[in-house]
Amino acid sequence: MNFWNPYLETLPREAYDQIELSYFRRMFSFSKEHSGLYRDKLKGIEEKDIRSLDDIKKIPFTEKEEMRKYQEVEPFPYGGLLGAPIEKVTSFRQTSGTTGKPIYVPETYESWQWRVESWCHILYMAGFRPRHRVFLPFGYNVYVAFWEAHFASEKVGCELVPGGALDTKGRIHKIQEIRANGMMNTPTYGLHIAEEAKSMGIDPASLGIERMLCAGEPMPPATRKRLEELYQCHVFDHIGGTEPCAWAGMCEAKDGMHIIEPFFLVEILDRETLQKEVDEGEIGVAVVTPLGRRSFPLIRFNTKDLVIKGKNGCSCGRTSKMIKEVVGRTDDLRKVRGVLFSPKTVEEVLRKEFQEVEEFEIIVERRGLMDVITLRAEANPGLTVSSIEQTKARLRESLKVATNLSFNVIMEPPGSLPRYTLKAKRFKDLREEKRNE
Ligand SMILES: [Zn+2]
């Protein structure tokens with residue numbers, strides 16, 4: 001059986017549209033009635049005004065900033081974001097707060113079950129089955145993705161092994177000890193485990209991981225390939241967030257990600273005006289409405305995720321809309337010397353062409369009137385001193401071709417750059433830090 005829910009995953013386009021419109025209207029009225037944020041925000045618009053999916057475009061986006069403001073009121077700590085009586089809330093989660101004050105996310109039992117069910121689609125699509133013993137190498141804390149992964153694994157029938165409270169070496173030993181054959185991690189941490197295993201004299205491929213599900217940061221195709229080579233396994237990607245939930249995942253065809261319809265209404269809008277849907281192959285901003293979660297209603301949440309819109313239809317037989325690739329965050333896109341630059345392009349080049357580079361960091365700063373962009377590349381322990389200059393020259397050339405920018409390249413000794421266990425912070429725009437001082 002290839003589908004988690006054969007009926008929902010193979011509906012004709014018109015049926016998805018019809019169901020999503022009707023769910024959206026229902027969520028619209030529910031939000032207006034039960035959440036302080038939407039009582040204010042949707043004033044003057046009525047459910048009867050939404051007659052087609054086009055009409056949805058008239059409704060304002062929900063931005064993280066206003067959510068912070070609305071959670072300041074009673075009932076603590078969710079305030080006007082809460083869509084259910086506070087006594088009904090059964091679990092507390094929050095965002096990591098990397099971009100400001102965290103958003104607190106309430107889940108009622110019912111909403112949590114909805115969330116877990118949609119996550120089962122992600123896991124099942126990536127080929128996770130009851131035969132898999134899945135290692136989750138993190139302490140879960142208050143971060144929702146781990147809990148979703150945990151509960152959805154159980155629901156799919158996998159055997160989930162929680163790997164918190166261990167260091168990386170301890171986790172590698174645990175994977176060996178219990179013979180885990182599945183893993184879920186950030187791409188960065190997957191690479192880090194492999195590196196650590198090698199330093200212990202263990203070939204990552206010998207760990208026996210068959211399937212890996214990644215998330216948490218954009219994964220360029222070359223990084224996915226590198227993980228597949230290191231572990232000799234299948235690696236899948238998915239995208240989501242604490243507020244909107246996980247809303248798209250990669251199937252076994254590995255040719256883009258399926259939007260989990262009809263759980264989510266996803267719009268991919270042109271990034272200049274945020275008005276019209278982009279065409280296939282174009283980059284747009286993902287705007288997501290979860291269509292069944294009532295404890296924390298969200299209407300047209302601006303995820304600020306930049307994605308390439310995918311084709312319709314897939315060899316796996318699923319009929320949902322697709323995205324081709326995650327490009328990054330609108331916050332990560334910067335102008336350097338007038339050129340639009342995405343750090344993900346650099347990662348793609350490094351992982352694809354430079355096996356001798358283990359870690360990296362990109363720094364943009366202003367010297368005089370000029371933006372200077374520097375790549376600090378950490379050499380693999382196997383790199384000889386004589387080949388360092390050669391690598392530097394190749395790096396400058398490849399990066400120039402890929403980004404149209406001239407990089408200042410510095411090679412750093414093995415182990416000198418920071419390692420990340422969750423989301424990596426490999427891009428530093430010092431021009432901005434100066435502005436914010
Ligand atoms: Zn597919």
# chains A, B, ... in the order shown; residues from 1 in each chain; ligands from 1
call {"tool": "residues_near_ligand", "arguments": {"ligand": "ligand 1", "cutoff": "6 Å", "atoms": "only C-alpha atoms and all ligand atoms", "output": "NGL selection string"}}
result
:A and (251 or 253 or 314-316 or 318)
call {"tool": "write_last_selection", "arguments": {"atoms": "all heavy atoms", "output": "mmCIF file, in the first residue's frame"}}
result
data_model
loop_
_atom_site.group_PDB
_atom_site.id
_atom_site.type_symbol
_atom_site.label_atom_id
_atom_site.label_comp_id
_atom_site.auth_asym_id
_atom_site.auth_seq_id
_atom_site.Cartn_x
_atom_site.Cartn_y
_atom_site.Cartn_z
ATOM 1 N N CYS A 251 7.863 12.663 -1.557
ATOM 2 C CA CYS A 251 7.457 11.264 -1.696
ATOM 3 C C CYS A 251 8.636 10.459 -2.219
ATOM 4 O O CYS A 251 9.705 11.007 -2.454
ATOM 5 C CB CYS A 251 6.270 11.155 -2.651
ATOM 6 S SG CYS A 251 6.731 11.537 -4.355
ATOM 7 N N ALA A 253 9.298 9.383 -5.043
ATOM 8 C CA ALA A 253 9.810 9.782 -6.356
ATOM 9 C C ALA A 253 10.902 10.854 -6.201
ATOM 10 O O ALA A 253 11.664 11.102 -7.142
ATOM 11 C CB ALA A 253 8.671 10.312 -7.220
ATOM 12 N N CYS A 314 2.378 13.505 -10.255
ATOM 13 C CA CYS A 314 3.636 12.903 -9.832
ATOM 14 C C CYS A 314 3.556 11.410 -10.137
ATOM 15 O O CYS A 314 2.475 10.823 -10.126
ATOM 16 C CB CYS A 314 3.784 13.134 -8.333
ATOM 17 S SG CYS A 314 5.253 12.397 -7.615
ATOM 18 N N SER A 315 4.711 10.792 -10.381
ATOM 19 C CA SER A 315 4.718 9.373 -10.737
ATOM 20 C C SER A 315 4.227 8.482 -9.587
ATOM 21 O O SER A 315 3.885 7.323 -9.794
ATOM 22 C CB SER A 315 6.123 8.947 -11.162
ATOM 23 O OG SER A 315 7.039 9.199 -10.119
ATOM 24 N N CYS A 316 4.177 9.027 -8.373
ATOM 25 C CA CYS A 316 3.725 8.212 -7.234
ATOM 26 C C CYS A 316 2.202 8.036 -7.242
ATOM 27 O O CYS A 316 1.677 7.207 -6.502
ATOM 28 C CB CYS A 316 4.169 8.840 -5.916
ATOM 29 S SG CYS A 316 3.240 10.324 -5.462
ATOM 30 N N ARG A 318 -0.010 10.446 -6.432
ATOM 31 C CA ARG A 318 -0.709 11.481 -5.645
ATOM 32 C C ARG A 318 -1.065 12.642 -6.563
ATOM 33 O O ARG A 318 -0.310 12.961 -7.486
ATOM 34 C CB ARG A 318 0.163 11.962 -4.484
ATOM 35 C CG ARG A 318 0.308 10.930 -3.391
ATOM 36 C CD ARG A 318 1.207 11.374 -2.241
ATOM 37 N NE ARG A 318 1.331 10.284 -1.273
ATOM 38 C CZ ARG A 318 2.188 9.270 -1.388
ATOM 39 N NH1 ARG A 318 3.020 9.219 -2.410
ATOM 40 N NH2 ARG A 318 2.208 8.304 -0.489
#
call {"tool": "closest_atom_pairs", "arguments": {"of": "range 83-190 of chain A", "to": "range 18-34 of chain A", "cutoff": "9 Å", "atoms": "only C-alpha atoms", "output": "Markdown table"}}
result
| residue | atom | partner | partner_atom | distance |
| --- | --- | --- | --- | --- |
| A:Gly83 | CA | A:His34 | CA | 5.0 |
| A:Ala84 | CA | A:His34 | CA | 6.9 |
| A:Pro85 | CA | A:His34 | CA | 8.9 |
call {"tool": "closest_residue", "arguments": {"among": "A:Asp332, A:Glu243, A:Glu412, A:Glu353", "to": "Thr289 in chain A", "atoms": "only C-alpha atoms"}}
result
A:Glu243
call {"tool": "atom_distance", "arguments": {"atom1": "CA of Thr319 in chain A", "atom2": "CA of Arg13 in chain A"}}
result
7.2 Å
call {"tool": "select_by_dssp", "arguments": {"residues": "range 240-379 of chain A", "states": "alpha helix (DSSP H)", "output": "PyMOL selection string"}}
result
chain A and resi 343-353
call {"tool": "select_by_dssp", "arguments": {"residues": "range 5-232 of chain A", "states": "strand (DSSP E or B)", "output": "list of chain:residue names"}}
result
A:Thr62, A:Val89, A:Thr90, A:Ser91, A:Phe92, A:Arg93, A:Gln94, A:Tyr104, A:Val105, A:Pro106, A:Glu107, A:Thr108, A:Arg133, A:Val134, A:Phe135, A:Leu136, A:Glu159, A:Leu160, A:Val161, A:Pro162, A:Gly182, A:Met183, A:Met184, A:Asn185, A:Arg211, A:Met212, A:Leu213, A:Cys214
call {"tool": "closest_residue", "arguments": {"among": "A:Glu217, A:Glu66, A:Glu252, A:Glu148", "to": "Gln113 in chain A", "atoms": "only C-alpha atoms"}}
result
A:Glu148
call {"tool": "residues_around", "arguments": {"residues": "Val364 in chain A", "least_positions_apart": "2", "cutoff": "6 Å", "atoms": "only C-alpha atoms", "output": "ChimeraX atom specification"}}
result
/A:372-373,429-430
call {"tool": "write_last_selection", "arguments": {"atoms": "C-alpha atoms", "output": "short mmCIF file (atom, residue, chain, number, x, y, z; two decimals), in the first residue's frame"}}
result
data_model
loop_
_atom_site.label_atom_id
_atom_site.label_comp_id
_atom_site.auth_asym_id
_atom_site.auth_seq_id
_atom_site.Cartn_x
_atom_site.Cartn_y
_atom_site.Cartn_z
CA VAL A 372 32.53 42.60 1.12
CA ILE A 373 31.43 38.98 1.12
CA ASP A 429 25.15 40.02 7.72
CA LEU A 430 27.23 42.42 9.79
#
call {"tool": "residues_around", "arguments": {"residues": "Gly249 in chain A", "least_positions_apart": "5", "cutoff": "6 Å", "atoms": "only C-alpha atoms", "output": "PyMOL selection string"}}
result
chain A and resi 122+238+257-258
call {"tool": "atom_distance", "arguments": {"atom1": "CA of Phe3 in chain A", "atom2": "CA of Glu117 in chain A"}}
result
13.2 Å
call {"tool": "residues_around", "arguments": {"residues": "range 310-312 of chain A", "least_positions_apart": "5", "cutoff": "7 Å", "atoms": "only C-alpha atoms", "output": "list in words"}}
result
Gly256, Glu280, Gly281, Lys321, Met322, Ile323 and Lys324 of chain A
call {"tool": "write_last_selection", "arguments": {"atoms": "all heavy atoms", "output": "PDB file, in the first residue's frame"}}
result
ATOM      1  N   GLY A 256      10.459  16.789  -5.756  1.00  0.00           N
ATOM      2  CA  GLY A 256       9.649  17.855  -5.184  1.00  0.00           C
ATOM      3  C   GLY A 256       8.870  17.375  -3.969  1.00  0.00           C
ATOM      4  O   GLY A 256       9.042  16.234  -3.529  1.00  0.00           O
ATOM      5  N   GLU A 280       4.388  27.663 -12.471  1.00  0.00           N
ATOM      6  CA  GLU A 280       5.293  26.534 -12.233  1.00  0.00           C
ATOM      7  C   GLU A 280       6.746  26.930 -12.539  1.00  0.00           C
ATOM      8  O   GLU A 280       7.015  27.608 -13.528  1.00  0.00           O
ATOM      9  CB  GLU A 280       4.872  25.374 -13.150  1.00  0.00           C
ATOM     10  CG  GLU A 280       5.647  24.118 -12.886  1.00  0.00           C
ATOM     11  CD  GLU A 280       5.348  23.031 -13.919  1.00  0.00           C
ATOM     12  OE1 GLU A 280       4.201  22.970 -14.413  1.00  0.00           O
ATOM     13  OE2 GLU A 280       6.273  22.252 -14.216  1.00  0.00           O
ATOM     14  N   GLY A 281       7.658  26.563 -11.646  1.00  0.00           N
ATOM     15  CA  GLY A 281       9.076  26.855 -11.867  1.00  0.00           C
ATOM     16  C   GLY A 281       9.518  28.200 -11.316  1.00  0.00           C
ATOM     17  O   GLY A 281      10.704  28.492 -11.281  1.00  0.00           O
ATOM     18  N   LYS A 321      -1.111  19.370  -5.154  1.00  0.00           N
ATOM     19  CA  LYS A 321      -0.176  20.360  -5.698  1.00  0.00           C
ATOM     20  C   LYS A 321       1.216  20.104  -5.137  1.00  0.00           C
ATOM     21  O   LYS A 321       1.354  19.568  -4.040  1.00  0.00           O
ATOM     22  CB  LYS A 321      -0.600  21.761  -5.269  1.00  0.00           C
ATOM     23  CG  LYS A 321      -1.784  22.308  -6.003  1.00  0.00           C
ATOM     24  CD  LYS A 321      -2.051  23.727  -5.506  1.00  0.00           C
ATOM     25  CE  LYS A 321      -3.352  24.249  -6.069  1.00  0.00           C
ATOM     26  NZ  LYS A 321      -3.845  25.401  -5.313  1.00  0.00           N
ATOM     27  N   MET A 322       2.229  20.552  -5.887  1.00  0.00           N
ATOM     28  CA  MET A 322       3.598  20.289  -5.435  1.00  0.00           C
ATOM     29  C   MET A 322       4.443  21.555  -5.392  1.00  0.00           C
ATOM     30  O   MET A 322       4.172  22.514  -6.102  1.00  0.00           O
ATOM     31  CB  MET A 322       4.273  19.287  -6.374  1.00  0.00           C
ATOM     32  CG  MET A 322       3.600  17.931  -6.369  1.00  0.00           C
ATOM     33  SD  MET A 322       4.553  16.712  -7.291  1.00  0.00           S
ATOM     34  CE  MET A 322       5.832  16.317  -6.126  1.00  0.00           C
ATOM     35  N   ILE A 323       5.468  21.504  -4.542  1.00  0.00           N
ATOM     36  CA  ILE A 323       6.521  22.509  -4.648  1.00  0.00           C
ATOM     37  C   ILE A 323       7.789  21.789  -5.092  1.00  0.00           C
ATOM     38  O   ILE A 323       8.000  20.623  -4.743  1.00  0.00           O
ATOM     39  CB  ILE A 323       6.751  23.295  -3.339  1.00  0.00           C
ATOM     40  CG1 ILE A 323       7.087  22.381  -2.176  1.00  0.00           C
ATOM     41  CG2 ILE A 323       5.552  24.135  -2.987  1.00  0.00           C
ATOM     42  CD1 ILE A 323       7.537  23.147  -0.949  1.00  0.00           C
ATOM     43  N   LYS A 324       8.582  22.468  -5.889  1.00  0.00           N
ATOM     44  CA  LYS A 324       9.764  21.828  -6.451  1.00  0.00           C
ATOM     45  C   LYS A 324      10.893  21.821  -5.435  1.00  0.00           C
ATOM     46  O   LYS A 324      11.574  20.834  -5.249  1.00  0.00           O
ATOM     47  CB  LYS A 324      10.190  22.587  -7.712  1.00  0.00           C
ATOM     48  CG  LYS A 324      11.294  21.921  -8.487  1.00  0.00           C
ATOM     49  CD  LYS A 324      11.410  22.581  -9.861  1.00  0.00           C
ATOM     50  CE  LYS A 324      12.445  21.879 -10.708  1.00  0.00           C
ATOM     51  NZ  LYS A 324      13.802  22.121 -10.241  1.00  0.00           N
TER      52      LYS A 324
END
call {"tool": "residues_around", "arguments": {"residues": "range 221-235 of chain A", "least_positions_apart": "5", "cutoff": "9 Å", "atoms": "only C-alpha atoms", "output": "compact mmCIF listing (two decimals) with N, CA, C and O atoms, in the first residue's frame"}}
result
# COMPACT_ATOMS: atom_id res chain seq x y z
N ALA A 126 7.28 9.37 2.77
CA ALA A 126 8.73 9.17 2.75
C ALA A 126 9.10 7.70 2.96
O ALA A 126 10.27 7.37 3.17
N PRO A 187 19.32 18.55 8.34
CA PRO A 187 20.44 18.19 7.45
C PRO A 187 21.79 18.45 8.13
O PRO A 187 22.70 17.63 8.05
N GLY A 190 22.53 15.73 10.58
CA GLY A 190 22.84 14.49 9.86
C GLY A 190 24.30 14.46 9.42
O GLY A 190 25.00 13.46 9.55
N LEU A 191 24.77 15.61 8.91
CA LEU A 191 26.17 15.70 8.47
C LEU A 191 27.10 15.62 9.68
O LEU A 191 28.16 15.00 9.64
N ALA A 194 27.51 12.10 10.93
CA ALA A 194 28.39 11.35 10.03
C ALA A 194 29.86 11.69 10.30
O ALA A 194 30.72 10.81 10.34
N ASP A 203 32.17 3.94 9.88
CA ASP A 203 31.64 4.40 8.60
C ASP A 203 30.14 4.65 8.78
O ASP A 203 29.41 3.74 9.18
N PRO A 204 29.65 5.89 8.51
CA PRO A 204 28.22 6.16 8.71
C PRO A 204 27.32 5.16 7.98
O PRO A 204 26.23 4.84 8.46
N ALA A 205 27.79 4.68 6.82
CA ALA A 205 26.97 3.73 6.05
C ALA A 205 26.77 2.42 6.82
O ALA A 205 25.78 1.73 6.64
N SER A 206 27.72 2.11 7.72
CA SER A 206 27.62 0.85 8.47
C SER A 206 26.59 0.93 9.60
O SER A 206 26.27 -0.07 10.23
N LEU A 207 26.05 2.14 9.85
CA LEU A 207 25.06 2.27 10.92
C LEU A 207 23.74 1.58 10.56
O LEU A 207 22.94 1.28 11.42
N GLY A 208 23.52 1.38 9.26
CA GLY A 208 22.32 0.65 8.84
C GLY A 208 21.07 1.50 8.72
O GLY A 208 19.95 0.99 8.68
N ILE A 209 21.22 2.84 8.64
CA ILE A 209 20.05 3.71 8.45
C ILE A 209 19.57 3.54 7.01
O ILE A 209 20.34 3.72 6.07
N GLU A 210 18.29 3.17 6.85
CA GLU A 210 17.74 2.99 5.49
C GLU A 210 17.05 4.25 4.99
O GLU A 210 16.97 4.53 3.81
N ARG A 211 16.45 4.97 5.93
CA ARG A 211 15.62 6.10 5.57
C ARG A 211 15.84 7.25 6.55
O ARG A 211 15.93 7.01 7.76
N MET A 212 15.93 8.46 6.00
CA MET A 212 16.14 9.62 6.84
C MET A 212 15.16 10.70 6.42
O MET A 212 15.02 10.97 5.22
N LEU A 213 14.50 11.29 7.39
CA LEU A 213 13.59 12.40 7.09
C LEU A 213 14.19 13.67 7.68
O LEU A 213 14.49 13.71 8.88
N CYS A 214 14.37 14.66 6.84
CA CYS A 214 15.00 15.90 7.29
C CYS A 214 14.01 17.05 7.29
O CYS A 214 13.02 17.04 6.57
N GLU A 252 8.42 9.18 -2.45
CA GLU A 252 9.55 8.32 -2.84
C GLU A 252 10.07 8.62 -4.25
O GLU A 252 11.16 8.20 -4.61
N LYS A 254 10.97 11.48 -5.04
CA LYS A 254 12.00 12.49 -4.70
C LYS A 254 12.10 13.60 -5.76
O LYS A 254 13.19 14.05 -6.10
N GLU A 325 11.05 22.94 -4.76
CA GLU A 325 12.19 23.07 -3.86
C GLU A 325 11.98 24.22 -2.89
O GLU A 325 11.30 25.19 -3.22
N GLU A 347 25.73 26.94 -0.26
CA GLU A 347 25.71 25.58 0.29
C GLU A 347 25.64 24.55 -0.83
O GLU A 347 26.34 23.54 -0.82
N GLU A 348 24.78 24.84 -1.81
CA GLU A 348 24.62 23.92 -2.95
C GLU A 348 25.97 23.70 -3.66
O GLU A 348 26.35 22.57 -3.97
N VAL A 349 26.70 24.79 -3.91
CA VAL A 349 28.00 24.69 -4.59
C VAL A 349 28.98 23.87 -3.75
O VAL A 349 29.66 22.96 -4.25
N LEU A 350 29.04 24.18 -2.45
CA LEU A 350 30.01 23.50 -1.59
C LEU A 350 29.74 22.01 -1.47
O LEU A 350 30.64 21.18 -1.59
N ARG A 351 28.47 21.66 -1.23
CA ARG A 351 28.16 20.24 -1.04
C ARG A 351 28.33 19.45 -2.33
O ARG A 351 28.59 18.26 -2.31
N LYS A 352 28.16 20.13 -3.45
CA LYS A 352 28.21 19.43 -4.73
C LYS A 352 29.64 19.26 -5.22
O LYS A 352 30.04 18.20 -5.66
N GLU A 353 30.43 20.33 -5.11
CA GLU A 353 31.75 20.31 -5.76
C GLU A 353 32.92 20.24 -4.81
O GLU A 353 34.05 20.04 -5.24
N GLN A 355 34.00 18.38 -1.69
CA GLN A 355 33.97 17.38 -0.61
C GLN A 355 35.02 17.71 0.45
O GLN A 355 34.93 17.27 1.59
call {"tool": "atom_distance", "arguments": {"atom1": "CA of Glu46 in chain A", "atom2": "CA of Trp247 in chain A"}}
result
26.6 Å
call {"tool": "closest_residue", "arguments": {"among": "A:Ala145, A:Gly317, A:Thr403, A:Thr374", "to": "Thr345 in chain A", "atoms": "only C-alpha atoms"}}
result
A:Thr403
call {"tool": "residues_around", "arguments": {"residues": "Tyr70 in chain A", "least_positions_apart": "2", "cutoff": "10 Å", "atoms": "only C-alpha atoms", "output": "list in words"}}
result
Ser35, Gly36, Leu37, Tyr38, Glu65, Glu66, Met67, Arg68, Glu72, Val73, Glu74, Tyr78, Gly79, Gly80, Leu81 and Leu82 of chain A
call {"tool": "write_last_selection", "arguments": {"atoms": "N, CA, C and O atoms", "output": "PDB file, in the first residue's frame"}}
result
ATOM      1  N   SER A  35     -11.455  33.721  18.107  1.00  0.00           N
ATOM      2  CA  SER A  35     -10.116  34.246  18.410  1.00  0.00           C
ATOM      3  C   SER A  35     -10.117  35.776  18.379  1.00  0.00           C
ATOM      4  O   SER A  35     -10.679  36.394  17.461  1.00  0.00           O
ATOM      5  N   GLY A  36      -9.499  36.364  19.389  1.00  0.00           N
ATOM      6  CA  GLY A  36      -9.443  37.827  19.503  1.00  0.00           C
ATOM      7  C   GLY A  36      -8.757  38.462  18.307  1.00  0.00           C
ATOM      8  O   GLY A  36      -9.177  39.503  17.810  1.00  0.00           O
ATOM      9  N   LEU A  37      -7.690  37.798  17.856  1.00  0.00           N
ATOM     10  CA  LEU A  37      -6.941  38.318  16.708  1.00  0.00           C
ATOM     11  C   LEU A  37      -7.855  38.470  15.497  1.00  0.00           C
ATOM     12  O   LEU A  37      -7.901  39.509  14.845  1.00  0.00           O
ATOM     13  N   TYR A  38      -8.609  37.409  15.195  1.00  0.00           N
ATOM     14  CA  TYR A  38      -9.413  37.442  13.967  1.00  0.00           C
ATOM     15  C   TYR A  38     -10.734  38.207  14.139  1.00  0.00           C
ATOM     16  O   TYR A  38     -11.298  38.670  13.160  1.00  0.00           O
ATOM     17  N   GLU A  65       4.472  39.295  13.675  1.00  0.00           N
ATOM     18  CA  GLU A  65       4.529  40.470  14.551  1.00  0.00           C
ATOM     19  C   GLU A  65       3.204  40.733  15.268  1.00  0.00           C
ATOM     20  O   GLU A  65       3.161  40.977  16.464  1.00  0.00           O
ATOM     21  N   GLU A  66       2.112  40.687  14.507  1.00  0.00           N
ATOM     22  CA  GLU A  66       0.815  40.977  15.123  1.00  0.00           C
ATOM     23  C   GLU A  66       0.416  39.846  16.068  1.00  0.00           C
ATOM     24  O   GLU A  66      -0.274  40.065  17.067  1.00  0.00           O
ATOM     25  N   MET A  67       0.893  38.627  15.773  1.00  0.00           N
ATOM     26  CA  MET A  67       0.579  37.513  16.668  1.00  0.00           C
ATOM     27  C   MET A  67       1.232  37.750  18.029  1.00  0.00           C
ATOM     28  O   MET A  67       0.652  37.490  19.071  1.00  0.00           O
ATOM     29  N   ARG A  68       2.448  38.285  18.015  1.00  0.00           N
ATOM     30  CA  ARG A  68       3.138  38.589  19.282  1.00  0.00           C
ATOM     31  C   ARG A  68       2.320  39.579  20.096  1.00  0.00           C
ATOM     32  O   ARG A  68       2.182  39.452  21.301  1.00  0.00           O
ATOM     33  N   GLU A  72      -0.259  38.999  24.054  1.00  0.00           N
ATOM     34  CA  GLU A  72       0.038  39.716  25.303  1.00  0.00           C
ATOM     35  C   GLU A  72      -1.168  39.826  26.239  1.00  0.00           C
ATOM     36  O   GLU A  72      -1.020  40.115  27.409  1.00  0.00           O
ATOM     37  N   VAL A  73      -2.387  39.636  25.724  1.00  0.00           N
ATOM     38  CA  VAL A  73      -3.576  39.832  26.566  1.00  0.00           C
ATOM     39  C   VAL A  73      -3.968  38.518  27.254  1.00  0.00           C
ATOM     40  O   VAL A  73      -3.335  37.482  27.047  1.00  0.00           O
ATOM     41  N   GLU A  74      -5.004  38.541  28.068  1.00  0.00           N
ATOM     42  CA  GLU A  74      -5.488  37.327  28.732  1.00  0.00           C
ATOM     43  C   GLU A  74      -6.229  36.456  27.709  1.00  0.00           C
ATOM     44  O   GLU A  74      -6.743  36.993  26.738  1.00  0.00           O
ATOM     45  N   TYR A  78      -1.538  32.665  25.896  1.00  0.00           N
ATOM     46  CA  TYR A  78      -1.888  32.614  24.458  1.00  0.00           C
ATOM     47  C   TYR A  78      -2.691  33.831  23.993  1.00  0.00           C
ATOM     48  O   TYR A  78      -2.721  34.143  22.806  1.00  0.00           O
ATOM     49  N   GLY A  79      -3.368  34.471  24.980  1.00  0.00           N
ATOM     50  CA  GLY A  79      -4.129  35.680  24.667  1.00  0.00           C
ATOM     51  C   GLY A  79      -5.088  35.503  23.511  1.00  0.00           C
ATOM     52  O   GLY A  79      -5.787  34.487  23.399  1.00  0.00           O
ATOM     53  N   GLY A  80      -5.087  36.483  22.605  1.00  0.00           N
ATOM     54  CA  GLY A  80      -6.042  36.513  21.499  1.00  0.00           C
ATOM     55  C   GLY A  80      -5.747  35.529  20.385  1.00  0.00           C
ATOM     56  O   GLY A  80      -6.430  35.523  19.368  1.00  0.00           O
ATOM     57  N   LEU A  81      -4.753  34.676  20.559  1.00  0.00           N
ATOM     58  CA  LEU A  81      -4.476  33.675  19.513  1.00  0.00           C
ATOM     59  C   LEU A  81      -5.268  32.393  19.760  1.00  0.00           C
ATOM     60  O   LEU A  81      -5.397  31.543  18.884  1.00  0.00           O
ATOM     61  N   LEU A  82      -5.763  32.267  20.985  1.00  0.00           N
ATOM     62  CA  LEU A  82      -6.441  31.038  21.389  1.00  0.00           C
ATOM     63  C   LEU A  82      -7.811  30.922  20.729  1.00  0.00           C
ATOM     64  O   LEU A  82      -8.583  31.870  20.710  1.00  0.00           O
TER      65      LEU A  82
END
call {"tool": "decode", "arguments": {"residues": "range 195-199 of chain A", "atoms": "all heavy atoms", "output": "PDB file, in the first residue's frame"}}
result
ATOM      1  N   GLU A 195      30.112  12.967  10.488  1.00  0.00           N
ATOM      2  CA  GLU A 195      31.487  13.422  10.730  1.00  0.00           C
ATOM      3  C   GLU A 195      32.014  12.839  12.052  1.00  0.00           C
ATOM      4  O   GLU A 195      33.144  12.349  12.139  1.00  0.00           O
ATOM      5  CB  GLU A 195      31.462  14.952  10.790  1.00  0.00           C
ATOM      6  CG  GLU A 195      32.816  15.612  10.783  1.00  0.00           C
ATOM      7  CD  GLU A 195      32.725  17.104  11.128  1.00  0.00           C
ATOM      8  OE1 GLU A 195      31.611  17.675  11.194  1.00  0.00           O
ATOM      9  OE2 GLU A 195      33.781  17.697  11.368  1.00  0.00           O
ATOM     10  N   GLU A 196      31.154  12.899  13.068  1.00  0.00           N
ATOM     11  CA  GLU A 196      31.530  12.387  14.389  1.00  0.00           C
ATOM     12  C   GLU A 196      31.769  10.863  14.319  1.00  0.00           C
ATOM     13  O   GLU A 196      32.723  10.348  14.901  1.00  0.00           O
ATOM     14  CB  GLU A 196      30.399  12.711  15.379  1.00  0.00           C
ATOM     15  CG  GLU A 196      30.741  12.512  16.827  1.00  0.00           C
ATOM     16  CD  GLU A 196      31.496  13.684  17.449  1.00  0.00           C
ATOM     17  OE1 GLU A 196      31.556  14.761  16.816  1.00  0.00           O
ATOM     18  OE2 GLU A 196      32.030  13.502  18.555  1.00  0.00           O
ATOM     19  N   ALA A 197      30.891  10.179  13.580  1.00  0.00           N
ATOM     20  CA  ALA A 197      31.048   8.721  13.438  1.00  0.00           C
ATOM     21  C   ALA A 197      32.405   8.410  12.812  1.00  0.00           C
ATOM     22  O   ALA A 197      33.148   7.550  13.283  1.00  0.00           O
ATOM     23  CB  ALA A 197      29.918   8.144  12.596  1.00  0.00           C
ATOM     24  N   LYS A 198      32.745   9.156  11.764  1.00  0.00           N
ATOM     25  CA  LYS A 198      34.039   8.926  11.097  1.00  0.00           C
ATOM     26  C   LYS A 198      35.181   9.124  12.084  1.00  0.00           C
ATOM     27  O   LYS A 198      36.144   8.364  12.087  1.00  0.00           O
ATOM     28  CB  LYS A 198      34.200   9.887   9.919  1.00  0.00           C
ATOM     29  CG  LYS A 198      33.437   9.462   8.678  1.00  0.00           C
ATOM     30  CD  LYS A 198      33.857  10.393   7.539  1.00  0.00           C
ATOM     31  CE  LYS A 198      32.933  10.367   6.375  1.00  0.00           C
ATOM     32  NZ  LYS A 198      33.092  11.567   5.533  1.00  0.00           N
ATOM     33  N   SER A 199      35.070  10.163  12.918  1.00  0.00           N
ATOM     34  CA  SER A 199      36.161  10.426  13.876  1.00  0.00           C
ATOM     35  C   SER A 199      36.261   9.302  14.913  1.00  0.00           C
ATOM     36  O   SER A 199      37.278   9.137  15.569  1.00  0.00           O
ATOM     37  CB  SER A 199      35.947  11.776  14.565  1.00  0.00           C
ATOM     38  OG  SER A 199      34.976  11.657  15.581  1.00  0.00           O
TER      39      SER A 199
END
